[in-house]
$ cat work_18.txt   # compact mmCIF, C-alpha atoms
# COMPACT_ATOMS: atom_id res chain seq x y z
CA MET A 22 -6.56 -18.41 49.62
CA LEU A 23 -3.16 -16.82 49.12
CA PRO A 24 -1.10 -15.29 51.94
CA TYR A 25 -0.99 -11.53 52.29
CA SER A 26 -1.26 -9.03 55.14
CA GLY A 27 -4.87 -9.10 56.23
CA SER A 28 -6.89 -12.28 55.82
CA VAL A 29 -9.41 -11.96 53.04
CA SER A 30 -11.07 -14.86 51.24
CA LEU A 31 -11.41 -15.03 47.47
CA VAL A 32 -15.16 -14.35 47.70
CA SER A 33 -14.57 -11.14 49.63
CA SER A 34 -12.76 -9.80 46.61
CA PHE A 35 -16.18 -9.00 45.16
CA LEU A 36 -16.38 -6.15 47.63
CA PHE A 37 -13.53 -4.48 45.79
CA PRO A 38 -13.43 -3.04 42.24
CA PRO A 39 -13.59 -5.54 39.34
CA LEU A 40 -10.82 -8.00 38.68
CA GLN A 41 -8.34 -7.17 35.92
CA PHE A 42 -7.93 -10.16 33.62
CA VAL A 43 -4.68 -10.75 31.75
CA PRO A 44 -5.37 -13.32 28.97
CA PRO A 45 -2.99 -16.31 29.15
CA PRO A 46 -0.86 -17.52 26.26
CA ASN A 47 -1.94 -21.05 27.18
CA ARG A 48 -4.55 -22.68 29.34
CA SER A 49 -2.43 -24.10 32.13
CA ASP A 50 -0.64 -22.83 35.22
CA TRP A 51 -2.94 -19.91 36.12
CA LEU A 52 -4.32 -18.77 39.46
CA CYS A 53 -6.24 -15.93 41.03
CA VAL A 54 -4.15 -13.50 43.08
CA VAL A 55 -5.88 -11.17 45.53
CA THR A 56 -4.06 -8.43 47.49
CA PRO A 57 -5.38 -5.32 49.23
CA SER A 58 -3.93 -3.07 46.51
CA VAL A 59 -4.03 -5.18 43.36
CA ARG A 60 -6.67 -7.65 42.15
CA ARG A 61 -5.69 -9.41 38.95
CA VAL A 62 -5.47 -12.84 37.36
CA THR A 63 -1.98 -13.83 36.35
CA ARG A 64 0.22 -16.80 35.62
CA SER A 65 1.63 -18.66 38.63
CA SER A 66 5.11 -18.91 37.12
CA ASP A 67 5.17 -15.18 36.34
CA TRP A 68 3.06 -13.49 39.03
CA SER A 69 5.87 -13.25 41.54
CA LYS A 70 7.97 -11.38 38.97
CA SER A 71 5.43 -8.56 38.74
CA ARG A 72 6.69 -5.26 40.10
CA ARG A 73 3.34 -4.83 41.89
CA PHE A 74 3.90 -7.87 44.17
CA PRO A 75 6.43 -8.25 47.01
CA THR A 76 9.01 -10.89 46.28
CA GLY A 77 8.25 -12.61 49.56
CA LEU A 78 4.87 -13.77 48.28
CA ALA A 79 6.36 -16.10 45.66
CA HIS A 80 5.47 -19.78 45.93
CA SER A 81 6.08 -22.83 43.79
CA PRO A 82 3.48 -23.79 41.15
CA ALA A 83 2.49 -26.83 43.29
CA GLU A 84 1.78 -24.65 46.32
CA ASP A 85 -0.09 -22.19 44.13
CA SER A 86 -2.30 -25.00 42.77
CA LEU A 87 -3.19 -26.19 46.29
CA LYS A 88 -4.02 -22.67 47.43
CA MET A 89 -6.09 -22.07 44.32
CA ALA A 90 -8.11 -25.25 44.99
CA ALA A 91 -8.72 -24.13 48.58
CA SER A 92 -9.85 -20.72 47.39
CA LEU A 93 -12.27 -22.27 44.90
CA ARG A 94 -13.77 -24.50 47.60
CA CYS A 95 -14.29 -21.45 49.78
CA PHE A 96 -15.88 -19.66 46.86
CA LEU A 97 -18.29 -22.51 46.05
CA ARG A 98 -19.43 -22.74 49.68
CA SER A 99 -20.60 -19.13 49.51
CA GLY A 100 -23.57 -20.14 47.34
CA LYS A 101 -25.42 -19.00 44.23
CA LYS A 102 -25.12 -15.28 44.95
CA ALA A 103 -21.38 -15.33 44.51
CA VAL A 104 -21.74 -17.38 41.33
CA SER A 105 -24.23 -14.94 39.86
CA ALA A 106 -22.00 -12.04 40.87
CA LEU A 107 -19.09 -13.66 39.09
CA GLY A 108 -21.19 -13.98 35.94
CA GLN A 109 -21.76 -10.22 36.02
CA ARG A 110 -18.08 -9.33 36.28
CA GLU A 111 -16.55 -7.39 33.37
CA PHE A 112 -13.05 -8.57 32.53
CA HIS A 113 -10.45 -6.62 30.61
CA ARG A 114 -9.67 -8.10 27.18
CA SER A 115 -6.54 -7.42 25.19
CA ALA A 116 -6.65 -6.55 21.49
CA PRO A 117 -7.17 -9.61 19.26
CA ALA A 118 -3.99 -11.08 17.83
CA ALA A 119 -3.38 -11.05 14.08
CA ALA A 120 -5.00 -14.02 12.37
CA GLN A 121 -2.87 -16.85 11.00
CA VAL A 122 -3.78 -17.36 7.33
CA THR A 123 -2.06 -19.65 4.84
CA VAL A 124 -0.99 -18.32 1.45
CA ARG A 125 -3.51 -20.71 -0.15
CA ASP A 126 -6.39 -19.25 1.84
CA ALA A 127 -5.22 -15.68 1.21
CA LEU A 128 -5.30 -16.28 -2.55
CA ASN A 129 -8.72 -17.90 -2.20
CA GLN A 130 -10.03 -14.89 -0.26
CA ALA A 131 -8.70 -12.49 -2.88
CA MET A 132 -10.41 -14.31 -5.77
CA ASP A 133 -13.63 -14.77 -3.81
CA GLU A 134 -13.82 -11.07 -2.95
CA GLU A 135 -13.08 -9.95 -6.51
CA LEU A 136 -15.56 -12.43 -8.02
CA GLU A 137 -18.19 -11.04 -5.66
CA ARG A 138 -17.21 -7.43 -6.33
CA ASP A 139 -17.09 -7.52 -10.16
CA GLU A 140 -19.32 -9.71 -12.33
CA ARG A 141 -16.78 -9.51 -15.17
CA VAL A 142 -14.23 -11.53 -13.19
CA PHE A 143 -14.09 -15.29 -13.83
CA LEU A 144 -11.60 -18.11 -13.26
CA LEU A 145 -10.62 -20.80 -15.76
CA GLY A 146 -7.99 -23.52 -15.82
CA GLU A 147 -7.39 -27.21 -15.32
CA GLU A 148 -9.34 -28.71 -12.39
CA VAL A 149 -10.18 -25.31 -10.88
CA ALA A 150 -13.92 -26.02 -10.53
CA GLN A 151 -15.28 -29.34 -9.26
CA TYR A 152 -11.91 -30.52 -7.99
CA ASP A 153 -11.33 -27.19 -6.17
CA GLY A 154 -7.99 -26.70 -7.93
CA ALA A 155 -4.88 -28.86 -8.10
CA TYR A 156 -3.56 -27.08 -4.99
CA LYS A 157 -7.03 -26.27 -3.54
CA VAL A 158 -6.53 -22.55 -4.10
CA SER A 159 -9.98 -22.25 -5.70
CA ARG A 160 -11.66 -24.34 -2.99
CA GLY A 161 -15.37 -23.60 -2.67
CA LEU A 162 -15.55 -21.09 -5.52
CA TRP A 163 -17.33 -23.39 -8.00
CA LYS A 164 -20.05 -24.18 -5.47
CA LYS A 165 -20.55 -20.49 -4.80
CA TYR A 166 -20.34 -19.05 -8.34
CA GLY A 167 -21.21 -21.97 -10.62
CA ASP A 168 -20.07 -23.18 -14.03
CA LYS A 169 -20.25 -19.82 -15.80
CA ARG A 170 -17.62 -18.15 -13.65
CA ILE A 171 -15.46 -21.06 -12.47
CA ILE A 172 -14.60 -23.04 -15.61
CA ASP A 173 -12.78 -26.35 -15.93
CA THR A 174 -10.76 -26.58 -19.14
CA PRO A 175 -9.15 -29.39 -21.13
CA ILE A 176 -5.41 -30.00 -20.73
CA SER A 177 -4.52 -27.48 -23.43
CA GLU A 178 -2.73 -24.38 -22.16
CA MET A 179 -2.53 -22.81 -25.60
CA GLY A 180 -6.28 -23.22 -26.02
CA PHE A 181 -7.62 -21.91 -22.72
CA ALA A 182 -4.99 -19.15 -22.48
CA GLY A 183 -6.14 -17.96 -25.91
CA ILE A 184 -9.78 -18.07 -24.78
CA ALA A 185 -8.86 -16.02 -21.70
CA VAL A 186 -7.00 -13.40 -23.74
CA GLY A 187 -9.94 -13.10 -26.13
CA ALA A 188 -12.35 -12.72 -23.22
CA ALA A 189 -10.19 -9.94 -21.79
CA MET A 190 -10.24 -8.13 -25.14
CA ALA A 191 -14.04 -8.45 -25.13
CA GLY A 192 -14.31 -6.65 -21.78
CA LEU A 193 -14.17 -9.43 -19.18
CA ARG A 194 -11.51 -9.87 -16.50
CA PRO A 195 -10.32 -13.48 -16.61
CA ILE A 196 -8.03 -15.18 -14.10
CA CYS A 197 -6.17 -17.85 -16.07
CA GLU A 198 -4.63 -20.50 -13.82
CA PHE A 199 -1.71 -22.62 -14.97
CA MET A 200 -1.26 -25.78 -12.94
CA THR A 201 2.40 -24.77 -12.97
CA PHE A 202 4.12 -22.00 -14.88
CA ASN A 203 6.29 -24.62 -16.52
CA PHE A 204 3.18 -25.44 -18.55
CA SER A 205 2.78 -21.79 -19.53
CA MET A 206 5.48 -22.43 -22.13
CA GLN A 207 2.75 -24.18 -24.11
CA ALA A 208 0.88 -20.86 -24.17
CA ILE A 209 3.77 -18.38 -24.27
CA ASP A 210 2.67 -17.04 -27.67
CA GLN A 211 -0.71 -16.10 -26.18
CA VAL A 212 0.91 -14.50 -23.13
CA ILE A 213 3.60 -12.52 -24.98
CA ASN A 214 2.31 -11.81 -28.48
CA SER A 215 -1.43 -11.61 -27.78
CA ALA A 216 -1.71 -10.29 -24.22
CA ALA A 217 1.45 -8.24 -23.65
CA LYS A 218 1.71 -6.43 -27.00
CA THR A 219 -1.90 -5.71 -27.97
CA CYS A 220 -2.31 -2.51 -25.96
CA TYR A 221 0.81 -1.00 -27.58
CA MET A 222 -0.04 -2.23 -31.07
CA SER A 223 -3.55 -0.75 -30.80
CA ALA A 224 -2.18 2.63 -29.66
CA GLY A 225 -3.78 2.09 -26.27
CA LEU A 226 -7.27 1.45 -27.65
CA GLN A 227 -7.42 -2.23 -26.68
CA ALA A 228 -6.76 -3.11 -23.05
CA VAL A 229 -6.15 -6.72 -22.01
CA PRO A 230 -7.05 -6.98 -18.28
CA ILE A 231 -6.03 -10.55 -17.51
CA VAL A 232 -4.17 -12.35 -14.72
CA PHE A 233 -2.05 -15.42 -15.45
CA ARG A 234 -1.44 -17.12 -12.10
CA GLY A 235 -0.08 -20.38 -10.73
CA PRO A 236 2.92 -21.91 -8.93
CA ASN A 237 6.35 -20.86 -10.17
CA GLY A 238 9.89 -22.03 -9.50
CA ALA A 239 11.18 -25.21 -7.91
CA SER A 240 8.91 -27.41 -5.84
CA ALA A 241 10.23 -30.70 -4.44
CA GLY A 242 11.24 -33.77 -6.41
CA VAL A 243 9.74 -32.76 -9.76
CA ALA A 244 13.02 -32.59 -11.72
CA ALA A 245 14.18 -30.32 -14.53
CA GLN A 246 11.01 -29.81 -16.57
CA HIS A 247 8.86 -28.68 -13.64
CA SER A 248 11.28 -26.60 -11.55
CA GLN A 249 11.98 -23.42 -13.49
CA CYS A 250 11.59 -19.87 -12.21
CA PHE A 251 9.91 -17.69 -14.86
CA ALA A 252 10.40 -14.34 -13.12
CA ALA A 253 13.18 -13.24 -15.48
CA TRP A 254 11.48 -14.82 -18.52
CA TYR A 255 8.30 -12.77 -18.29
CA ALA A 256 9.90 -9.67 -16.74
CA HIS A 257 11.99 -9.41 -19.93
CA CYS A 258 8.88 -8.55 -21.96
CA PRO A 259 7.48 -4.99 -22.07
CA GLY A 260 3.71 -4.86 -21.73
CA LEU A 261 3.52 -7.36 -18.87
CA LYS A 262 3.45 -6.73 -15.14
CA VAL A 263 5.15 -9.48 -13.14
CA VAL A 264 4.27 -10.00 -9.48
CA SER A 265 5.95 -12.40 -7.04
CA PRO A 266 4.42 -12.43 -3.52
CA TRP A 267 6.00 -13.91 -0.41
CA ASN A 268 3.54 -14.02 2.49
CA SER A 269 -0.24 -14.09 2.88
CA GLU A 270 -0.69 -10.31 2.91
CA ASP A 271 1.38 -10.04 -0.28
CA ALA A 272 -0.66 -12.78 -1.92
CA LYS A 273 -4.04 -11.29 -1.11
CA GLY A 274 -3.27 -7.61 -1.62
CA LEU A 275 -1.28 -8.06 -4.82
CA LEU A 276 -3.74 -10.52 -6.41
CA LYS A 277 -6.64 -8.11 -5.82
CA SER A 278 -4.62 -5.29 -7.38
CA SER A 279 -3.67 -7.54 -10.32
CA ILE A 280 -7.30 -8.46 -11.03
CA ARG A 281 -8.30 -4.78 -10.99
CA ASP A 282 -5.38 -3.73 -13.23
CA ASP A 283 -6.11 -3.01 -16.90
CA ASN A 284 -2.82 -4.59 -18.01
CA PRO A 285 -1.92 -8.27 -18.32
CA VAL A 286 -0.32 -9.47 -15.08
CA VAL A 287 1.81 -12.58 -14.58
CA PHE A 288 1.27 -13.60 -10.95
CA LEU A 289 4.02 -15.98 -9.79
CA GLU A 290 3.13 -18.00 -6.70
CA ASN A 291 5.22 -20.67 -4.96
CA GLU A 292 3.93 -24.18 -4.40
CA LEU A 293 5.98 -24.70 -1.23
CA LEU A 294 4.41 -21.60 0.35
CA TYR A 295 0.75 -22.56 -0.22
CA GLY A 296 0.39 -24.30 3.13
CA VAL A 297 2.55 -21.89 5.15
CA PRO A 298 0.59 -19.71 7.62
CA PHE A 299 1.49 -16.04 8.05
CA GLU A 300 0.03 -13.38 10.30
CA MET A 301 -2.53 -11.16 8.59
CA SER A 302 -3.40 -7.84 10.16
CA GLU A 303 -6.98 -6.72 10.66
CA GLU A 304 -6.49 -4.28 7.79
CA ALA A 305 -5.38 -7.06 5.44
CA GLN A 306 -8.51 -9.06 6.24
CA SER A 307 -10.68 -6.24 4.94
CA LYS A 308 -12.34 -6.61 1.53
CA ASP A 309 -10.92 -3.24 0.53
CA PHE A 310 -7.31 -4.23 1.21
CA THR A 311 -4.94 -3.99 -1.76
CA ILE A 312 -1.17 -3.60 -2.23
CA PRO A 313 0.01 -1.36 -5.07
CA ILE A 314 1.90 -3.10 -7.86
CA GLY A 315 5.46 -1.85 -8.27
CA LYS A 316 6.26 -1.10 -4.60
CA ALA A 317 8.81 -3.10 -2.63
CA LYS A 318 8.59 -3.58 1.15
CA VAL A 319 11.33 -3.43 3.77
CA GLU A 320 10.71 -6.57 5.82
CA ARG A 321 13.57 -5.87 8.21
CA ALA A 322 15.17 -2.48 8.70
CA GLY A 323 18.93 -2.14 8.95
CA SER A 324 21.91 0.05 8.14
CA HIS A 325 24.94 -2.12 7.26
CA ILE A 326 23.92 -4.45 4.42
CA THR A 327 20.91 -4.83 2.10
CA LEU A 328 19.41 -8.16 1.04
CA VAL A 329 16.97 -8.00 -1.89
CA SER A 330 14.81 -11.02 -2.71
CA HIS A 331 11.37 -12.14 -3.82
CA SER A 332 8.94 -15.00 -3.21
CA ARG A 333 10.07 -17.88 -0.97
CA TYR A 334 13.62 -16.61 -0.59
CA VAL A 335 12.52 -13.56 1.38
CA GLY A 336 11.92 -16.03 4.20
CA HIS A 337 15.39 -17.50 3.67
CA CYS A 338 16.89 -14.02 4.02
CA LEU A 339 15.06 -13.43 7.31
CA ASP A 340 16.15 -16.85 8.59
CA ALA A 341 19.75 -16.09 7.62
CA ALA A 342 19.56 -12.84 9.58
CA ALA A 343 18.41 -14.76 12.65
CA VAL A 344 21.29 -17.25 12.33
CA LEU A 345 23.81 -14.44 11.92
CA ALA A 346 22.50 -12.86 15.11
CA LYS A 347 23.14 -16.10 17.04
CA GLU A 348 26.67 -16.27 15.65
CA GLY A 349 27.42 -12.83 17.03
CA ILE A 350 26.66 -10.82 13.92
CA GLU A 351 23.68 -8.81 15.07
CA CYS A 352 20.96 -8.44 12.47
CA GLU A 353 18.50 -6.38 14.44
CA LEU A 354 18.59 -2.69 15.32
CA LYS A 355 19.97 -3.33 18.79
CA LEU A 356 23.74 -3.38 19.36
CA SER A 357 25.74 -6.53 19.92
CA ARG A 358 28.35 -7.05 22.61
CA SER A 359 30.16 -9.59 20.44
CA PRO A 360 33.75 -8.86 19.42
CA LEU A 361 32.64 -9.33 15.82
CA PRO A 362 31.45 -6.19 13.99
CA VAL A 363 27.85 -5.21 14.51
CA VAL A 364 25.87 -5.89 11.32
CA VAL A 365 22.40 -4.44 11.00
CA LEU A 366 20.90 -6.27 8.05
CA GLN A 367 18.08 -4.85 5.91
CA VAL A 368 15.81 -7.25 4.00
CA ILE A 369 13.78 -5.95 1.03
CA ASN A 370 10.87 -7.95 -0.34
CA LEU A 371 10.61 -6.96 -4.02
CA ARG A 372 6.97 -8.08 -4.38
CA THR A 373 6.95 -6.90 -8.01
CA ILE A 374 9.58 -7.89 -10.58
CA ARG A 375 8.22 -5.65 -13.33
CA PRO A 376 7.91 -2.73 -12.80
CA MET A 377 10.80 -3.02 -10.35
CA ASP A 378 10.99 -0.63 -7.41
CA VAL A 379 14.58 0.45 -8.13
CA GLU A 380 14.17 3.61 -6.04
CA SER A 381 13.68 1.61 -2.83
CA ILE A 382 16.73 -0.55 -3.57
CA GLU A 383 18.89 2.49 -4.35
CA ALA A 384 17.77 4.27 -1.19
CA SER A 385 18.69 1.22 0.88
CA VAL A 386 22.09 0.81 -0.81
CA MET A 387 22.89 4.47 -0.21
CA LYS A 388 22.28 3.81 3.49
CA THR A 389 23.95 0.40 3.90
CA ASN A 390 26.71 0.59 1.23
CA HIS A 391 26.46 -3.16 0.61
CA LEU A 392 24.09 -5.30 -1.47
CA VAL A 393 23.31 -9.00 -1.81
CA THR A 394 20.56 -10.28 -4.12
CA VAL A 395 18.86 -13.65 -3.54
CA GLU A 396 16.68 -15.59 -6.00
CA GLY A 397 15.84 -19.18 -6.93
CA GLY A 398 16.28 -18.76 -10.69
CA TRP A 399 19.35 -19.29 -12.84
CA PRO A 400 22.14 -16.68 -12.60
CA GLN A 401 22.51 -15.70 -16.24
CA PHE A 402 20.24 -12.74 -17.19
CA GLY A 403 18.33 -13.22 -13.94
CA VAL A 404 16.52 -10.84 -11.59
CA GLY A 405 19.68 -10.33 -9.53
CA ALA A 406 21.64 -9.52 -12.68
CA GLU A 407 19.12 -6.81 -13.55
CA ILE A 408 19.36 -5.32 -10.06
CA CYS A 409 23.16 -5.27 -10.31
CA ALA A 410 22.97 -3.45 -13.66
CA ARG A 411 20.47 -0.89 -12.35
CA ILE A 412 22.63 -0.14 -9.32
CA MET A 413 25.77 0.21 -11.43
CA GLU A 414 24.02 2.55 -13.89
CA GLY A 415 22.47 4.70 -11.17
CA SER A 416 23.68 7.07 -8.50
CA ALA A 417 23.75 4.36 -5.81
CA PHE A 418 26.86 2.81 -7.41
CA ASN A 419 29.06 5.51 -5.86
CA TYR A 420 27.87 4.48 -2.39
CA LEU A 421 28.97 0.83 -2.64
CA ASP A 422 31.87 -0.21 -0.41
CA SER A 423 32.17 -3.66 -2.02
CA PRO A 424 30.94 -5.42 -5.16
CA VAL A 425 27.32 -6.61 -5.29
CA THR A 426 26.98 -10.33 -4.56
CA ARG A 427 24.35 -12.58 -6.15
CA VAL A 428 22.92 -15.73 -4.55
CA THR A 429 21.06 -17.79 -7.18
CA GLY A 430 20.16 -21.28 -8.26
CA VAL A 431 22.95 -23.30 -9.84
CA ASP A 432 23.33 -22.91 -13.61
CA ILE A 433 22.13 -26.44 -14.47
CA PRO A 434 18.78 -28.17 -15.16
CA MET A 435 17.23 -29.24 -11.86
CA PRO A 436 18.35 -32.75 -10.75
CA TYR A 437 15.78 -35.23 -9.50
CA ALA A 438 17.78 -36.61 -6.55
CA LYS A 439 16.91 -34.70 -3.37
CA ILE A 440 20.48 -34.11 -2.21
CA LEU A 441 21.42 -32.72 -5.63
CA GLU A 442 18.22 -30.66 -5.73
CA ASP A 443 19.11 -29.10 -2.36
CA HIS A 444 22.56 -28.19 -3.65
CA SER A 445 21.04 -26.63 -6.78
CA LEU A 446 18.93 -24.07 -4.89
CA PRO A 447 19.98 -21.23 -2.56
CA GLN A 448 20.14 -22.32 1.05
CA ILE A 449 20.32 -20.24 4.21
CA LYS A 450 24.00 -21.12 4.58
CA ASP A 451 24.69 -19.70 1.12
CA ILE A 452 23.13 -16.37 2.10
CA ILE A 453 25.13 -16.30 5.33
CA PHE A 454 28.34 -17.00 3.43
CA SER A 455 27.62 -14.23 0.93
CA VAL A 456 26.84 -11.70 3.67
CA LYS A 457 30.12 -12.47 5.44
CA LYS A 458 32.03 -12.37 2.17
CA THR A 459 30.54 -9.01 1.20
CA LEU A 460 31.33 -7.51 4.60
CA ASN A 461 34.75 -9.19 4.74
CA VAL A 462 33.88 -10.79 8.09

$ encode --input "work_18.txt" --output "structure tokens"
Amino acid sequence: MLPYSGSVSLVSSFLFPPLQFVPPPNRSDWLCVVTPSVRRVTRSSDWSKSRRFPTGLAHSPAEDSLKMAASLRCFLRSGKKAVSALGQREFHRSAPAAAQVTVRDALNQAMDEELERDERVFLLGEEVAQYDGAYKVSRGLWKKYGDKRIIDTPISEMGFAGIAVGAAMAGLRPICEFMTFNFSMQAIDQVINSAAKTCYMSAGLQAVPIVFRGPNGASAGVAAQHSQCFAAWYAHCPGLKVVSPWNSEDAKGLLKSSIRDDNPVVFLENELLYGVPFEMSEEAQSKDFTIPIGKAKVERAGSHITLVSHSRYVGHCLDAAAVLAKEGIECELKLSRSPLPVVVLQVINLRTIRPMDVESIEASVMKTNHLVTVEGGWPQFGVGAEICARIMEGSAFNYLDSPVTRVTGVDIPMPYAKILEDHSLPQIKDIIFSVKKTLNV
């Protein structure tokens, strides 16, 4: 047993009110601490730091382990009554932590819940059924819903995209998966001329509720023909909604909203994010969870500079903020003691490319007076270029203290060699350089 004023064994603690249990972050290095005033379970390396314990009671982890073993021996000698009493104890439990869910599983949950909710929803594409999808996003859906609602198609994007558009016009709600959006170029006539323009050309009489989804942008080592970002391509066309999620909550909430929307939606995922786990709140795990299309999200609040990005590069922006903090440029809301100027960096996750939440960007620029846009696509006529134009045309332009800076992919077809590929895409160091340049640091 542990030393304290008044000798009491571990078993005698049952005479006192119930133990308070503090759940450990790991399984090791824990012991039972009993004092006349406080009875709690805590970590041996931390328990002496508690304000409730005198400093003089601190011992090394080795000593704590020996004393814990002695206490357990004393406890076991007391017999079955003490054991049964221990089984009846009620321990305090902290609130459950947010679940870690990969983007792949979040997309799978969204489709599963919408397939279950609405019989008109079905999925079609190459290898989506028996093979569970090229990236396993549709894993388990064919076994659950069968051939009529999870449909494998031939390798003919023009053909099955046309079938999906026709089904949407007939009152169904298809999810059309492209193995990669680079292949959607084979079906771009169906996406633009058939899906996007029909509602307008029919004076609103013919809705086309369809979702075109699949991986977009550069992956790794797939060269020029399989590495394009189509955000600007499809956002250029009126009649389409274009969504680009970053984390698991984005993926699930936005996909559910896209499936329920009466307009054609281009849903741009990222292959490199499929296996990345993100925390999902209890609310996001609900079947009723959705995220409205057309609303950006402030991922990190700040007041000195605004970073606007979408998809995978939101994570790059947050990583750049962390690096800047280590270099003395503080990117959180707390103040820095560094001689360099304090920079509180705000990161905006666009989530939706069209319609773009310009109001949120303008509000942030009016507060920070600086703007950097980050995207993986080419610079000419890109998403960042559109943001720059909107800011210049709007009232936020008068609040800028320096020109807007764009961080984009290099204006060349994607090279195959890895080192050249890395230099063709925005890296964290490029974002850091642009932030310092914009702030003249």

$ residues_around --input "work_18.txt" --residues "Glu178 (chain A)" --least-positions-apart "2" --cutoff "6 Å" --atoms "all atoms listed in the file" --output "count of residues only"
5

$ closest_atom_pairs --input "work_18.txt" --of "region 323-352 of chain A" --to "region 233-242 of chain A" --cutoff "12 Å" --atoms "all atoms listed in the file" --output "JSON lines"
{"residue": "A:His331", "atom": "CA", "partner": "A:Gly238", "partner_atom": "CA", "distance": 11.5}
{"residue": "A:Ser332", "atom": "CA", "partner": "A:Asn237", "partner_atom": "CA", "distance": 9.5}
{"residue": "A:Arg333", "atom": "CA", "partner": "A:Gly238", "partner_atom": "CA", "distance": 9.5}
{"residue": "A:Tyr334", "atom": "CA", "partner": "A:Gly238", "partner_atom": "CA", "distance": 11.1}

$ residues_around --input "work_18.txt" --residues "Pro424 (chain A)" --least-positions-apart "4" --cutoff "8 Å" --atoms "all atoms listed in the file" --output "PyMOL selection string"
chain A and resi 391-392+459

$ residues_around --input "work_18.txt" --residues "region 186-197 of chain A" --least-positions-apart "5" --cutoff "9 Å" --atoms "all atoms listed in the file" --output "list of chain:residue names"
A:Met132, A:Asp139, A:Glu140, A:Arg141, A:Val142, A:Phe143, A:Leu144, A:Leu145, A:Gly146, A:Phe181, A:Gln211, A:Val212, A:Ser215, A:Ala216, A:Gln227, A:Ala228, A:Val229, A:Pro230, A:Ile231, A:Val232, A:Phe233, A:Arg234, A:Gly235, A:Ile280, A:Arg281, A:Asp283

$ write_last_selection --input "work_18.txt" --atoms "C-alpha atoms" --output "JSON list (two decimals), keeping the file's coordinate frame"
[["chain", "number", "residue", "atom", "x", "y", "z"],
["A", 132, "MET", "CA", -10.41, -14.31, -5.77],
["A", 139, "ASP", "CA", -17.09, -7.52, -10.16],
["A", 140, "GLU", "CA", -19.32, -9.71, -12.33],
["A", 141, "ARG", "CA", -16.78, -9.51, -15.17],
["A", 142, "VAL", "CA", -14.23, -11.53, -13.19],
["A", 143, "PHE", "CA", -14.09, -15.29, -13.83],
["A", 144, "LEU", "CA", -11.60, -18.11, -13.26],
["A", 145, "LEU", "CA", -10.62, -20.80, -15.76],
["A", 146, "GLY", "CA", -7.99, -23.52, -15.82],
["A", 181, "PHE", "CA", -7.62, -21.91, -22.72],
["A", 211, "GLN", "CA", -0.71, -16.10, -26.18],
["A", 212, "VAL", "CA", 0.91, -14.50, -23.13],
["A", 215, "SER", "CA", -1.43, -11.61, -27.78],
["A", 216, "ALA", "CA", -1.71, -10.29, -24.22],
["A", 227, "GLN", "CA", -7.42, -2.23, -26.68],
["A", 228, "ALA", "CA", -6.76, -3.11, -23.05],
["A", 229, "VAL", "CA", -6.15, -6.72, -22.01],
["A", 230, "PRO", "CA", -7.05, -6.98, -18.28],
["A", 231, "ILE", "CA", -6.03, -10.55, -17.51],
["A", 232, "VAL", "CA", -4.17, -12.35, -14.72],
["A", 233, "PHE", "CA", -2.05, -15.42, -15.45],
["A", 234, "ARG", "CA", -1.44, -17.12, -12.10],
["A", 235, "GLY", "CA", -0.08, -20.38, -10.73],
["A", 280, "ILE", "CA", -7.30, -8.46, -11.03],
["A", 281, "ARG", "CA", -8.30, -4.78, -10.99],
["A", 283, "ASP", "CA", -6.11, -3.01, -16.90]]

$ closest_atom_pairs --input "work_18.txt" --of "region 374-449 of chain A" --to "region 314-323 of chain A" --cutoff "10 Å" --atoms "all atoms listed in the file" --output "Markdown table"
| residue | atom | partner | partner_atom | distance |
| --- | --- | --- | --- | --- |
| A:Ile374 | CA | A:Gly315 | CA | 7.7 |
| A:Arg375 | CA | A:Gly315 | CA | 6.9 |
| A:Pro376 | CA | A:Gly315 | CA | 5.2 |
| A:Met377 | CA | A:Gly315 | CA | 5.8 |
| A:Asp378 | CA | A:Lys316 | CA | 5.5 |
| A:Val379 | CA | A:Ala317 | CA | 8.7 |
| A:Glu380 | CA | A:Ala317 | CA | 9.2 |
| A:Ser381 | CA | A:Ala317 | CA | 6.8 |
| A:Ile382 | CA | A:Ala317 | CA | 8.4 |
| A:Ser385 | CA | A:Gly323 | CA | 8.7 |
| A:Lys388 | CA | A:Gly323 | CA | 8.7 |
| A:Thr389 | CA | A:Gly323 | CA | 7.6 |

$ write_last_selection --input "work_18.txt" --atoms "C-alpha atoms" --output "short mmCIF file (atom, residue, chain, number, x, y, z; two decimals), in the coordinates of the input"
data_model
loop_
_atom_site.label_atom_id
_atom_site.label_comp_id
_atom_site.auth_asym_id
_atom_site.auth_seq_id
_atom_site.Cartn_x
_atom_site.Cartn_y
_atom_site.Cartn_z
CA ILE A 374 9.58 -7.89 -10.58
CA ARG A 375 8.22 -5.65 -13.33
CA PRO A 376 7.91 -2.73 -12.80
CA MET A 377 10.80 -3.02 -10.35
CA ASP A 378 10.99 -0.63 -7.41
CA VAL A 379 14.58 0.45 -8.13
CA GLU A 380 14.17 3.61 -6.04
CA SER A 381 13.68 1.61 -2.83
CA ILE A 382 16.73 -0.55 -3.57
CA SER A 385 18.69 1.22 0.88
CA LYS A 388 22.28 3.81 3.49
CA THR A 389 23.95 0.40 3.90
#

$ closest_residue --input "work_18.txt" --among "A:Leu294, A:Val368, A:Leu226, A:Ala120" --to "Val158 (chain A)" --atoms "all atoms listed in the file"
A:Leu294
